[in-house]
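> My structure is in upload11.csv, and what it holds is CSV, C-alpha atoms and all ligand atoms:
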chain,number,residue,atom,x,y,z
P,1,MET,CA,-11.5,-10.1,-14.3
P,2,ASN,CA,-12.6,-12.5,-17.0
P,3,SER,CA,-16.2,-13.5,-17.5
P,4,ALA,CA,-15.8,-17.0,-15.9
P,5,ASP,CA,-14.4,-15.4,-12.8
P,6,ILE,CA,-17.3,-12.9,-12.7
P,7,THR,CA,-19.7,-15.8,-12.9
P,8,THR,CA,-17.9,-17.6,-10.1
P,9,VAL,CA,-17.9,-14.5,-7.9
P,10,LYS,CA,-21.6,-13.8,-8.6
P,11,SER,CA,-22.5,-17.3,-7.7
P,12,ILE,CA,-20.4,-17.3,-4.4
P,13,LEU,CA,-21.9,-13.9,-3.4
P,14,SER,CA,-25.5,-15.0,-4.1
P,15,GLN,CA,-25.3,-17.1,-0.8
P,16,PRO,CA,-24.6,-15.5,2.6
P,17,GLN,CA,-20.9,-16.0,3.3
P,18,LYS,CA,-18.5,-15.4,6.2
P,19,ILE,CA,-16.0,-13.1,4.7
P,20,ALA,CA,-12.6,-11.8,5.9
P,21,ILE,CA,-10.9,-9.0,4.1
P,22,ILE,CA,-7.1,-8.6,4.5
P,23,PRO,CA,-4.8,-5.7,3.5
P,24,HIS,CA,-1.0,-5.9,3.5
P,25,ARG,CA,1.1,-5.3,6.6
P,26,ASN,CA,1.6,-1.5,7.3
P,27,PRO,CA,-1.5,-0.8,5.3
P,28,ASP,CA,-1.6,2.4,3.3
P,29,GLY,CA,-4.5,4.5,2.1
P,30,ASP,CA,-5.1,2.2,-0.9
P,31,ALA,CA,-5.1,-0.9,1.2
P,32,MET,CA,-7.4,0.5,3.9
P,33,GLY,CA,-9.6,2.3,1.4
P,34,SER,CA,-10.2,-0.8,-0.7
P,35,CYS,CA,-10.8,-3.1,2.3
P,36,LEU,CA,-13.2,-0.7,3.9
P,37,ALA,CA,-15.2,0.0,0.7
P,38,LEU,CA,-15.5,-3.7,-0.1
P,39,TYR,CA,-16.5,-4.2,3.6
P,40,GLY,CA,-19.3,-1.8,3.2
P,41,PHE,CA,-20.4,-3.3,-0.1
P,42,LEU,CA,-20.4,-6.9,1.1
P,43,LYS,CA,-22.2,-6.0,4.4
P,44,LYS,CA,-25.0,-4.4,2.3
P,45,LYS,CA,-25.3,-7.6,0.4
P,46,GLY,CA,-26.1,-9.5,3.6
P,47,HIS,CA,-22.7,-11.2,4.3
P,48,THR,CA,-21.0,-11.4,7.7
P,49,VAL,CA,-17.8,-9.4,7.0
P,50,HIS,CA,-14.7,-8.4,8.9
P,51,VAL,CA,-11.6,-6.5,8.0
P,52,VAL,CA,-8.5,-7.9,9.6
P,53,ALA,CA,-5.3,-5.8,9.3
P,54,PRO,CA,-2.0,-7.4,10.0
P,55,ASN,CA,-0.9,-4.5,12.2
P,56,ASP,CA,-1.6,-0.8,12.9
P,57,TYR,CA,-1.9,2.0,10.4
P,58,PRO,CA,-1.2,5.7,10.5
P,59,LYS,CA,-3.4,8.3,12.3
P,60,PHE,CA,-3.9,10.2,9.0
P,61,LEU,CA,-6.1,7.2,7.9
P,62,LYS,CA,-8.0,6.7,11.1
P,63,TRP,CA,-10.9,9.1,10.2
P,64,MET,CA,-11.9,6.8,7.3
P,65,PRO,CA,-15.6,5.6,7.4
P,66,GLU,CA,-15.9,2.2,9.0
P,67,ASN,CA,-12.4,2.3,10.3
P,68,ASP,CA,-13.6,1.5,13.8
P,69,ALA,CA,-14.6,-2.0,12.6
P,70,VAL,CA,-11.0,-3.0,11.7
P,71,ILE,CA,-9.6,-5.9,13.7
P,72,ASN,CA,-5.9,-5.5,14.4
P,73,PHE,CA,-4.2,-9.0,14.2
P,74,GLU,CA,-1.4,-7.9,16.5
P,75,ARG,CA,-3.6,-6.3,19.2
P,76,GLU,CA,-6.7,-8.6,18.9
P,77,ASN,CA,-5.0,-11.8,18.0
P,78,PRO,CA,-7.5,-14.4,19.2
P,79,LYS,CA,-10.4,-12.6,17.6
P,80,ALA,CA,-8.5,-12.1,14.3
P,81,LYS,CA,-7.6,-15.8,14.2
P,82,GLU,CA,-11.2,-16.8,14.8
P,83,VAL,CA,-12.5,-14.6,12.0
P,84,ILE,CA,-9.9,-16.0,9.6
P,85,ASN,CA,-10.5,-19.7,10.6
P,86,GLU,CA,-14.2,-19.4,10.4
P,87,ALA,CA,-14.3,-17.5,7.1
P,88,SER,CA,-15.7,-19.2,4.0
P,89,ILE,CA,-14.2,-16.5,1.7
P,90,ILE,CA,-11.0,-14.4,2.2
P,91,PHE,CA,-10.4,-11.4,0.1
P,92,THR,CA,-6.8,-10.3,0.0
P,93,LEU,CA,-6.4,-6.7,-1.2
P,94,ASP,CA,-3.5,-4.6,-2.4
P,95,PHE,CA,-0.8,-7.3,-2.2
P,96,ASN,CA,0.5,-10.0,-4.4
P,97,ASP,CA,2.0,-12.6,-2.1
P,98,LEU,CA,1.0,-14.0,1.3
P,99,SER,CA,4.5,-13.0,2.7
P,100,ARG,CA,3.2,-9.4,2.6
P,101,VAL,CA,1.1,-9.9,5.7
P,102,GLY,CA,4.0,-10.7,8.1
P,103,GLN,CA,3.0,-12.8,11.1
P,104,MET,CA,-0.4,-13.5,9.7
P,105,GLU,CA,1.0,-15.5,6.8
P,106,GLN,CA,0.8,-18.9,8.6
P,107,VAL,CA,-2.8,-18.4,9.7
P,108,LEU,CA,-3.8,-17.5,6.2
P,109,LYS,CA,-2.0,-20.5,4.8
P,110,GLU,CA,-3.9,-22.8,7.2
P,111,ALA,CA,-7.3,-21.2,6.5
P,112,SER,CA,-9.9,-23.4,4.8
P,113,ALA,CA,-11.6,-20.5,3.0
P,114,ASP,CA,-11.4,-19.8,-0.8
P,115,PHE,CA,-9.3,-16.8,-1.6
P,116,ILE,CA,-10.1,-13.9,-3.9
P,117,MET,CA,-7.2,-11.6,-4.7
P,118,ILE,CA,-7.7,-8.0,-6.0
P,119,ASP,CA,-4.3,-6.3,-6.6
P,120,HIS,CA,-2.2,-4.2,-8.9
P,121,HIS,CA,1.3,-5.2,-7.9
P,122,GLN,CA,3.6,-7.0,-10.3
P,123,GLN,CA,4.2,-10.8,-10.3
P,124,PRO,CA,1.1,-12.0,-8.3
P,125,SER,CA,1.5,-15.3,-6.6
P,126,ASP,CA,-0.9,-18.1,-7.4
P,127,TYR,CA,-2.8,-18.8,-4.2
P,128,ALA,CA,-6.3,-17.6,-4.9
P,129,MET,CA,-9.4,-19.3,-6.4
P,130,VAL,CA,-10.0,-16.0,-8.2
P,131,THR,CA,-7.1,-13.7,-9.1
P,132,TYR,CA,-8.1,-10.2,-10.3
P,133,SER,CA,-4.7,-8.8,-10.9
P,134,ASP,CA,-4.0,-5.8,-13.2
P,135,VAL,CA,-0.6,-4.0,-12.9
P,136,THR,CA,-1.8,-1.2,-15.2
P,137,MET,CA,-4.4,-0.1,-12.5
P,138,SER,CA,-3.8,3.1,-10.5
P,139,SER,CA,-4.8,1.5,-7.3
P,140,THR,CA,-6.6,-1.4,-5.7
P,141,CYS,CA,-9.4,1.0,-5.0
P,142,GLU,CA,-10.0,1.6,-8.7
P,143,MET,CA,-10.1,-2.2,-9.0
P,144,VAL,CA,-12.7,-2.6,-6.3
P,145,TYR,CA,-14.8,0.0,-8.1
P,146,ASN,CA,-14.4,-2.1,-11.3
P,147,PHE,CA,-15.2,-5.3,-9.3
P,148,ILE,CA,-18.5,-3.8,-8.1
P,149,GLU,CA,-19.1,-2.6,-11.7
P,150,PHE,CA,-18.5,-6.2,-13.0
P,151,LEU,CA,-21.2,-7.4,-10.6
P,152,GLY,CA,-23.5,-4.6,-12.0
P,153,GLU,CA,-23.9,-3.0,-8.6
P,154,THR,CA,-22.3,0.4,-8.7
P,155,ASP,CA,-25.7,1.8,-7.6
P,156,GLN,CA,-24.9,0.3,-4.2
P,157,ILE,CA,-21.9,2.6,-3.7
P,158,ASP,CA,-22.8,5.0,-0.9
P,159,ALA,CA,-21.0,8.1,0.4
P,160,ASP,CA,-18.9,6.1,2.9
P,161,MET,CA,-17.8,3.6,0.2
P,162,ALA,CA,-17.1,6.4,-2.2
P,163,THR,CA,-15.0,8.2,0.4
P,164,ASN,CA,-12.9,5.1,1.1
P,165,LEU,CA,-12.4,4.4,-2.6
P,166,TYR,CA,-11.5,8.1,-3.3
P,167,THR,CA,-8.9,8.1,-0.5
P,168,GLY,CA,-7.1,5.1,-1.9
P,169,ILE,CA,-7.0,6.3,-5.4
P,170,MET,CA,-5.8,9.7,-4.3
P,171,THR,CA,-3.0,8.3,-2.1
P,172,ASP,CA,-1.8,5.7,-4.6
P,173,THR,CA,-1.7,8.1,-7.5
P,174,GLY,CA,0.1,10.9,-5.7
P,175,SER,CA,-3.1,13.0,-6.0
P,176,PHE,CA,-3.8,11.9,-9.6
P,177,LYS,CA,-0.4,12.6,-11.0
P,178,TYR,CA,1.4,9.3,-11.4
P,179,ARG,CA,1.7,7.5,-14.8
P,180,SER,CA,-0.9,4.9,-13.8
P,181,THR,CA,-3.6,7.6,-13.6
P,182,SER,CA,-5.8,7.1,-16.6
P,183,SER,CA,-8.8,8.8,-18.0
P,184,LYS,CA,-10.8,5.9,-16.6
P,185,THR,CA,-9.3,6.7,-13.2
P,186,HIS,CA,-10.6,10.2,-13.5
P,187,ARG,CA,-14.0,9.0,-14.6
P,188,VAL,CA,-14.2,6.7,-11.6
P,189,VAL,CA,-13.2,9.5,-9.3
P,190,ALA,CA,-15.8,11.8,-10.8
P,191,GLU,CA,-18.4,9.1,-10.1
P,192,LEU,CA,-17.2,8.8,-6.5
P,193,ILE,CA,-17.6,12.6,-6.0
P,194,ASP,CA,-21.1,12.3,-7.4
P,195,LYS,CA,-21.8,9.5,-4.9
P,196,GLY,CA,-20.7,11.7,-2.0
P,197,ALA,CA,-16.9,11.7,-1.7
P,198,ASP,CA,-15.9,15.2,-0.4
P,199,ASN,CA,-12.7,15.6,-2.3
P,200,MET,CA,-11.4,18.7,-0.5
P,201,ALA,CA,-12.2,17.3,3.0
P,202,ILE,CA,-10.5,14.0,2.1
P,203,HIS,CA,-7.4,15.8,0.9
P,204,GLN,CA,-7.3,17.8,4.1
P,205,GLU,CA,-7.8,14.8,6.4
P,206,VAL,CA,-4.9,12.9,4.7
P,207,PHE,CA,-2.4,15.7,4.0
P,208,ASP,CA,-3.1,18.6,6.3
P,209,THR,CA,-2.7,17.1,9.7
P,210,ASN,CA,1.0,17.6,10.2
P,211,SER,CA,2.4,17.8,13.7
P,212,PRO,CA,5.3,20.2,14.4
P,213,SER,CA,7.6,17.3,15.2
P,214,ARG,CA,6.8,15.7,11.8
P,215,LEU,CA,7.8,18.8,9.9
P,216,HIS,CA,11.0,19.0,12.0
P,217,LEU,CA,11.7,15.4,11.1
P,218,LEU,CA,11.2,16.3,7.4
P,219,GLY,CA,13.8,19.0,7.9
P,220,VAL,CA,16.3,16.4,9.2
P,221,ALA,CA,15.5,14.0,6.4
P,222,LEU,CA,16.1,16.7,3.8
P,223,SER,CA,19.4,17.8,5.3
P,224,ASN,CA,20.5,14.1,5.4
P,225,MET,CA,19.8,13.8,1.7
P,226,VAL,CA,22.7,12.6,-0.4
P,227,ILE,CA,22.6,13.5,-4.1
P,228,LEU,CA,24.6,11.5,-6.6
P,229,PRO,CA,24.1,13.2,-10.0
P,230,GLU,CA,26.3,10.7,-11.9
P,231,TYR,CA,23.7,8.0,-11.0
P,232,ARG,CA,20.7,10.4,-11.2
P,233,THR,CA,20.0,9.2,-7.6
P,234,ALA,CA,19.1,10.9,-4.3
P,235,TYR,CA,18.7,9.0,-1.0
P,236,ILE,CA,17.7,9.9,2.5
P,237,THR,CA,18.6,8.1,5.8
P,238,LEU,CA,16.8,8.4,9.1
P,239,THR,CA,18.3,6.6,12.1
P,240,GLN,CA,16.2,5.4,15.1
P,241,ASP,CA,17.8,8.0,17.2
P,242,GLU,CA,16.7,10.8,14.8
P,243,LEU,CA,13.2,9.3,14.8
P,244,ASP,CA,13.1,9.2,18.6
P,245,GLN,CA,14.3,12.8,18.9
P,246,TYR,CA,11.3,13.9,16.8
P,247,ASP,CA,8.7,11.8,18.5
P,248,PHE,CA,8.2,9.6,15.5
P,249,LYS,CA,4.7,8.1,15.0
P,250,LYS,CA,3.7,5.6,12.3
P,251,GLY,CA,3.1,7.4,9.0
P,252,ASP,CA,5.3,10.4,9.8
P,253,THR,CA,7.8,9.6,7.1
P,254,GLU,CA,5.1,9.0,4.4
P,255,GLY,CA,6.0,11.0,1.3
P,256,PHE,CA,9.5,12.0,2.4
P,257,VAL,CA,11.1,9.7,-0.3
P,258,ASN,CA,9.4,11.7,-3.1
P,259,TYR,CA,11.4,14.9,-2.4
P,260,GLY,CA,14.4,13.4,-4.1
P,261,LEU,CA,12.5,13.1,-7.4
P,262,THR,CA,11.7,16.8,-7.4
P,263,LEU,CA,15.4,17.5,-8.1
P,264,GLU,CA,16.1,18.2,-11.7
P,265,GLY,CA,17.7,15.3,-13.4
P,266,ILE,CA,17.1,12.8,-10.5
P,267,ILE,CA,15.1,9.7,-11.6
P,268,PHE,CA,15.8,7.3,-8.6
P,269,ALA,CA,15.1,8.2,-5.0
P,270,LEU,CA,15.2,6.2,-1.8
P,271,ILE,CA,14.8,6.5,1.9
P,272,PHE,CA,16.4,4.2,4.4
P,273,ILE,CA,14.7,4.2,7.8
P,274,GLU,CA,16.1,2.3,10.8
P,275,ASN,CA,13.6,0.2,12.8
P,276,ARG,CA,15.5,-1.0,15.8
P,277,GLU,CA,12.6,-3.0,17.2
P,278,GLU,CA,12.4,-5.1,14.1
P,279,GLY,CA,16.1,-5.1,13.6
P,280,ILE,CA,15.8,-3.8,10.0
P,281,ILE,CA,16.3,-0.9,7.7
P,282,LYS,CA,13.1,-0.3,5.9
P,283,ILE,CA,13.7,1.0,2.4
P,284,SER,CA,11.3,2.9,0.1
P,285,LEU,CA,12.2,3.3,-3.5
P,286,ARG,CA,10.7,5.5,-6.2
P,287,SER,CA,11.6,6.3,-9.8
P,288,ILE,CA,10.6,8.3,-12.8
P,289,GLY,CA,10.3,6.7,-16.2
P,290,ASP,CA,11.4,3.1,-17.2
P,291,PHE,CA,13.9,2.4,-14.4
P,292,SER,CA,12.2,-0.4,-12.4
P,293,VAL,CA,12.5,-0.1,-8.7
P,294,ASN,CA,10.4,-3.2,-8.4
P,295,GLU,CA,13.3,-5.2,-10.0
P,296,PHE,CA,15.9,-3.3,-8.0
P,297,ALA,CA,14.1,-4.0,-4.7
P,298,ARG,CA,13.5,-7.7,-5.6
P,299,ALA,CA,17.1,-8.3,-6.7
P,300,HIS,CA,18.8,-6.6,-3.8
P,301,PHE,CA,16.6,-5.8,-0.8
P,302,ASN,CA,14.1,-8.6,-0.4
P,303,GLY,CA,11.2,-6.5,-1.6
P,304,GLY,CA,9.1,-5.5,-4.6
P,305,GLY,CA,6.2,-3.4,-5.7
P,306,HIS,CA,5.6,-1.5,-8.9
P,307,THR,CA,7.9,-0.1,-11.6
P,308,ASN,CA,8.0,3.4,-10.1
P,309,ALA,CA,7.3,2.6,-6.4
P,310,ALA,CA,8.6,-0.3,-4.4
P,311,GLY,CA,9.7,-1.2,-0.9
P,312,GLY,CA,12.3,-3.5,0.6
P,313,ARG,CA,14.4,-4.2,3.7
P,314,SER,CA,17.9,-4.8,4.9
P,315,GLU,CA,18.9,-6.7,8.0
P,316,SER,CA,22.3,-5.1,8.2
P,317,SER,CA,23.2,-1.9,10.0
P,318,MET,CA,22.5,1.5,8.4
P,319,GLU,CA,26.3,1.9,7.6
P,320,GLU,CA,26.5,-1.5,6.0
P,321,THR,CA,23.3,-1.1,4.1
P,322,ILE,CA,24.3,2.3,2.7
P,323,SER,CA,27.8,0.9,1.8
P,324,ARG,CA,26.2,-2.1,0.0
P,325,PHE,CA,23.7,0.2,-1.7
P,326,ASN,CA,26.5,2.3,-3.1
P,327,ASP,CA,28.3,-0.8,-4.4
P,328,ILE,CA,25.2,-2.0,-6.1
P,329,LEU,CA,24.5,1.4,-7.6
P,330,LYS,CA,27.8,1.3,-9.5
P,331,THR,CA,26.5,-1.7,-11.5
P,332,TYR,CA,23.4,0.3,-12.5
P,333,LYS,CA,25.2,3.3,-14.0
P,334,ASP,CA,24.1,2.5,-17.5
P,335,LYS,CA,20.5,1.7,-16.7
P,336,LEU,CA,20.2,5.0,-14.8
P,337,ASN,CA,21.8,6.9,-17.8
P,338,PRO,CA,20.0,5.3,-20.8
P,401,LIG,P1,6.2,2.1,0.4
P,401,LIG,O1,7.6,2.5,0.0
P,401,LIG,O2,5.2,3.2,0.3
P,401,LIG,O3,6.2,1.3,1.7
P,401,LIG,O4,5.8,1.0,-0.7
P,401,LIG,C1,5.8,1.3,-2.0
P,401,LIG,C2,5.2,0.1,-2.8
P,401,LIG,O5,6.0,-1.0,-2.7
P,401,LIG,C3,3.8,-0.3,-2.3
P,401,LIG,O6,3.1,-0.6,-3.5
P,401,LIG,C4,4.0,-1.5,-1.5
P,401,LIG,O7,2.9,-2.3,-1.5
P,401,LIG,C5,5.3,-2.1,-2.1
P,401,LIG,N1,6.1,-2.6,-1.0
P,401,LIG,C6,6.6,-2.0,0.1
P,401,LIG,N2,7.3,-2.7,0.9
P,401,LIG,C7,7.4,-3.9,0.3
P,401,LIG,C8,8.1,-5.2,0.6
P,401,LIG,O8,8.8,-5.3,1.6
P,401,LIG,N3,7.9,-6.2,-0.3
P,401,LIG,C9,7.2,-6.0,-1.4
P,401,LIG,N4,7.1,-7.1,-2.3
P,401,LIG,N5,6.5,-4.9,-1.8
P,401,LIG,C10,6.6,-3.9,-0.9
P,402,MN,MN,-2.0,0.0,-3.9
If you convert what's in this file into structure tokens, what do you get?


Amino acid sequence: MNSADITTVKSILSQPQKIAIIPHRNPDGDAMGSCLALYGFLKKKGHTVHVVAPNDYPKFLKWMPENDAVINFERENPKAKEVINEASIIFTLDFNDLSRVGQMEQVLKEASADFIMIDHHQQPSDYAMVTYSDVTMSSTCEMVYNFIEFLGETDQIDADMATNLYTGIMTDTGSFKYRSTSSKTHRVVAELIDKGADNMAIHQEVFDTNSPSRLHLLGVALSNMVILPEYRTAYITLTQDELDQYDFKKGDTEGFVNYGLTLEGIIFALIFIENREEGIIKISLRSIGDFSVNEFARAHFNGGGHTNAAGGRSESSMEETISRFNDILKTYKDKLNP
């Protein structure tokens, strides 16, 4: 954030504001962690603050401190709209374009509040009064830590805020192993542990709460995996029938896509998951190295994200989507074998 923006933010936050904090649709650990930590911080500063999530999020995040305060736009629509309409300031966290909030987009577009964006995704849209965008950052949680640091108030970070920030950094860095994990990330994480984040407990809450049906679904996913060595690609499909058979709950497929990348020589991994209710195939894309899944998802599947992690969607059937994907892949042979 540049010094002019820091001055602007300091001046805004020196008066009591009505603040709404918004994560992206299908919020992940980084989206929820950053929103909940910022929520704690702004509340301490005497503002009236609400977190409004576009829709529900997985059970493995529902233990997070302050999570009970989250308003779900789908379930508590009138209240959510009221909060957004009455807000003087709206923070949008962990997304780069208002289309990422689904049904909430129109309500946000009509809001009279000034927007502050904090995000690390590529190609941020220009809708905010203050845009703190940095694609080199490990996570929006690391940026919220920096944001509080810019304001000179890291002493305000308590154990709950530290726990929320730690959770988002941990989930977005694949437990501190992705390329975006810097020495600064580790310094921030060390600070968060000193401020009360219980690293082992957080890891267990997020990763060690498998249900038997989820592990069985992972078995199906792995046996469905198609490996294409000539394209250094591996992809998984899961149909709605398969999800139903294993009692699918939101979040159950989290991390499945990464298994493809553990194969020697594979640099591009995808998972295609049918969602019959929404009439789409949701696609998660991951890569190792310079192959940009952000560009791939943008160009072909109405999505985007980061160089090595992106998402997208297809409105065709699973068969058609896979067939189209295989055709597209042929045009990427050279890029995948540099
Ligand atoms: P995931 O595959 O875990 O859903 O998402 C991976 C990354 O891509 C995340 O950073 C997420 O914010 C981004 N992403 C996921 N789905 C979409 C999408 O439909 N559009 C865009 N622009 N980004 C997405
Ligand atoms: Mn993120």

> When you look at segment 149-151 of chain P with a cut-off of 10 Å (counting only C-alpha atoms), what residues show up, excluding the ones that are within fewer than 2 positions of it in the same chain? I need them as a PyMOL selection string.

chain P and resi 1-3+6-7+9-10+13+143-147+153-157

> Using all atoms listed in the file, collect all residues at a distance of at most 12 Å from (-6.6, -16.8, 15.3) as written in the file, then present them as a list in words.

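In the file's frame, the residues around the point are Val52, Pro54, Ile71, Asn72, Phe73, Glu74, Arg75, Glu76, Asn77, Pro78, Lys79, Ala80, Lys81, Glu82, Val83, Ile84, Asn85, Glu86, Ala87, Gln103, Met104, Glu105, Gln106, Val107, Leu108, Glu110 and Ala111 of chain P.
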
> Suppose you want the space between atom CA of Tyr235 of chain P and atom CA of Lys250 of chain P; what is it in Å?

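Value for the atom CA of Tyr235 of chain P-atom CA of Lys250 of chain P distance: 20.3 Å.
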
> Please return as a ChimeraX atom specification the residues found within 7 Å of ligand LIG 401 (chain P), counting all atoms listed in the file.

/P:94-95,100,121,283-285,302-306,309-313

> Give the residue list for ligand MN 402 (chain P) at 8 Å, counting only C-alpha atoms and all ligand atoms, as a ChimeraX atom specification, sorted by chain and then by residue number.

/P:28-31,94-95,119-121,138-141,168,172

> To one decimal place, how far is atom CA of Ile22 of chain P from atom CA of Thr92 of chain P in Å?

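A separation of 4.8 Å between them.
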
> Expressed in Å to a single decimal, how great is the separation between atom CA of Ala53 of chain P and atom CA of Val70 of chain P?

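A separation of 6.8 Å between them.
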
> Pick out the residues sitting within 10 Å of Ser14 of chain P, and hand them over as a list in words; count all atoms listed in the file, and ignore anything fewer than 6 positions along from it in its own chain.

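Non-adjacent residues within range: Lys45, Gly46 and His47 of chain P.
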
> Convert the current residue selection to file output with C-alpha atoms, as a compact mmCIF listing (two decimals), in the coordinates of the input.


# COMPACT_ATOMS: atom_id res chain seq x y z
CA LYS P 45 -25.30 -7.60 0.40
CA GLY P 46 -26.10 -9.50 3.60
CA HIS P 47 -22.70 -11.20 4.30

> Quick one: residues within 12 Å of Thr185 of chain P, only C-alpha atoms, excluding same-chain residues fewer than 3 positions away - as a PDB file with C-alpha atoms, in the coordinates of the input?


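The resulting selection-v9.pdb:
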ATOM      1  CA  THR P 136      -1.800  -1.200 -15.200  1.00  0.00           C
ATOM      2  CA  MET P 137      -4.400  -0.100 -12.500  1.00  0.00           C
ATOM      3  CA  SER P 138      -3.800   3.100 -10.500  1.00  0.00           C
ATOM      4  CA  SER P 139      -4.800   1.500  -7.300  1.00  0.00           C
ATOM      5  CA  THR P 140      -6.600  -1.400  -5.700  1.00  0.00           C
ATOM      6  CA  CYS P 141      -9.400   1.000  -5.000  1.00  0.00           C
ATOM      7  CA  GLU P 142     -10.000   1.600  -8.700  1.00  0.00           C
ATOM      8  CA  MET P 143     -10.100  -2.200  -9.000  1.00  0.00           C
ATOM      9  CA  TYR P 145     -14.800   0.000  -8.100  1.00  0.00           C
ATOM     10  CA  ASN P 146     -14.400  -2.100 -11.300  1.00  0.00           C
ATOM     11  CA  LEU P 165     -12.400   4.400  -2.600  1.00  0.00           C
ATOM     12  CA  TYR P 166     -11.500   8.100  -3.300  1.00  0.00           C
ATOM     13  CA  GLY P 168      -7.100   5.100  -1.900  1.00  0.00           C
ATOM     14  CA  ILE P 169      -7.000   6.300  -5.400  1.00  0.00           C
ATOM     15  CA  MET P 170      -5.800   9.700  -4.300  1.00  0.00           C
ATOM     16  CA  ASP P 172      -1.800   5.700  -4.600  1.00  0.00           C
ATOM     17  CA  THR P 173      -1.700   8.100  -7.500  1.00  0.00           C
ATOM     18  CA  SER P 175      -3.100  13.000  -6.000  1.00  0.00           C
ATOM     19  CA  PHE P 176      -3.800  11.900  -9.600  1.00  0.00           C
ATOM     20  CA  LYS P 177      -0.400  12.600 -11.000  1.00  0.00           C
ATOM     21  CA  TYR P 178       1.400   9.300 -11.400  1.00  0.00           C
ATOM     22  CA  ARG P 179       1.700   7.500 -14.800  1.00  0.00           C
ATOM     23  CA  SER P 180      -0.900   4.900 -13.800  1.00  0.00           C
ATOM     24  CA  THR P 181      -3.600   7.600 -13.600  1.00  0.00           C
ATOM     25  CA  SER P 182      -5.800   7.100 -16.600  1.00  0.00           C
ATOM     26  CA  VAL P 188     -14.200   6.700 -11.600  1.00  0.00           C
ATOM     27  CA  VAL P 189     -13.200   9.500  -9.300  1.00  0.00           C
ATOM     28  CA  ALA P 190     -15.800  11.800 -10.800  1.00  0.00           C
ATOM     29  CA  GLU P 191     -18.400   9.100 -10.100  1.00  0.00           C
ATOM     30  CA  LEU P 192     -17.200   8.800  -6.500  1.00  0.00           C
TER      31      LEU P 192
END

> Find, counting all atoms listed in the file, the residue in P:Pro212, P:Pro65, P:Gly251, P:Pro124 that gets nearest to Ala162 of chain P.

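The shortest atom-to-atom distance to Ala162 of chain P comes from P:Pro65.
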
> Which one of P:Met318, P:Ile148, P:Ile202, P:Leu336 sits closest to Ser292 of chain P if you count all atoms listed in the file?

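Using all atoms listed in the file, the shortest distance to Ser292 of chain P belongs to P:Leu336.
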
> Would you please work out which residue, of P:Ile90, P:Tyr259, P:Ser211, P:Ser112, is nearest to Ser223 of chain P when using all atoms listed in the file?

P:Tyr259

> Would you list the contacts of segment 270-280 of chain P as a ChimeraX atom specification, taking every protein, DNA or RNA residue within 6 Å and counting only C-alpha atoms, but skipping same-chain residues closer than 5 positions in sequence?

/P:235-240,257,285,314-315

> Starting from 5 Å padding per side, set up an axis-aligned box that covers all listed atoms of segment 38-56 of chain P and hand over centre and edge lengths in Å, one decimal, as AutoDock Vina command-line options.


--center_x -13.5 --center_y -6.1 --center_z 6.4 --size_x 35.2 --size_y 20.6 --size_z 23.0

> What's the 9 Å shell around Pro58 of chain P, counting all atoms listed in the file, without same-chain residues fewer than 2 positions away, as a list in words?

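Once the adjacent positions are removed, what remains is Asn26, Pro27, Asp28, Asp56, Phe60, Leu61, Lys62, Lys249, Lys250, Gly251 and Asp252 of chain P.
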
> Which of these residues is nearest to Ala37 of chain P, using only C-alpha atoms: P:Ile322, P:Val293, P:Ala113, P:Met161?

P:Met161

> So, with only C-alpha atoms as the atoms that count, which of P:Arg232, P:His203, P:Arg25, P:Lys59 lies closest to Asp97 of chain P?

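Checking each candidate against Asp97 of chain P, we get P:Arg25 as the closest.
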
> Of the candidates P:Val206, P:Thr253, P:Leu93, P:Ala4, which shows the shortest atom-to-atom distance to Leu36 of chain P, using all atoms listed in the file?

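Among the listed residues, the smallest separation from Leu36 of chain P belongs to P:Leu93.
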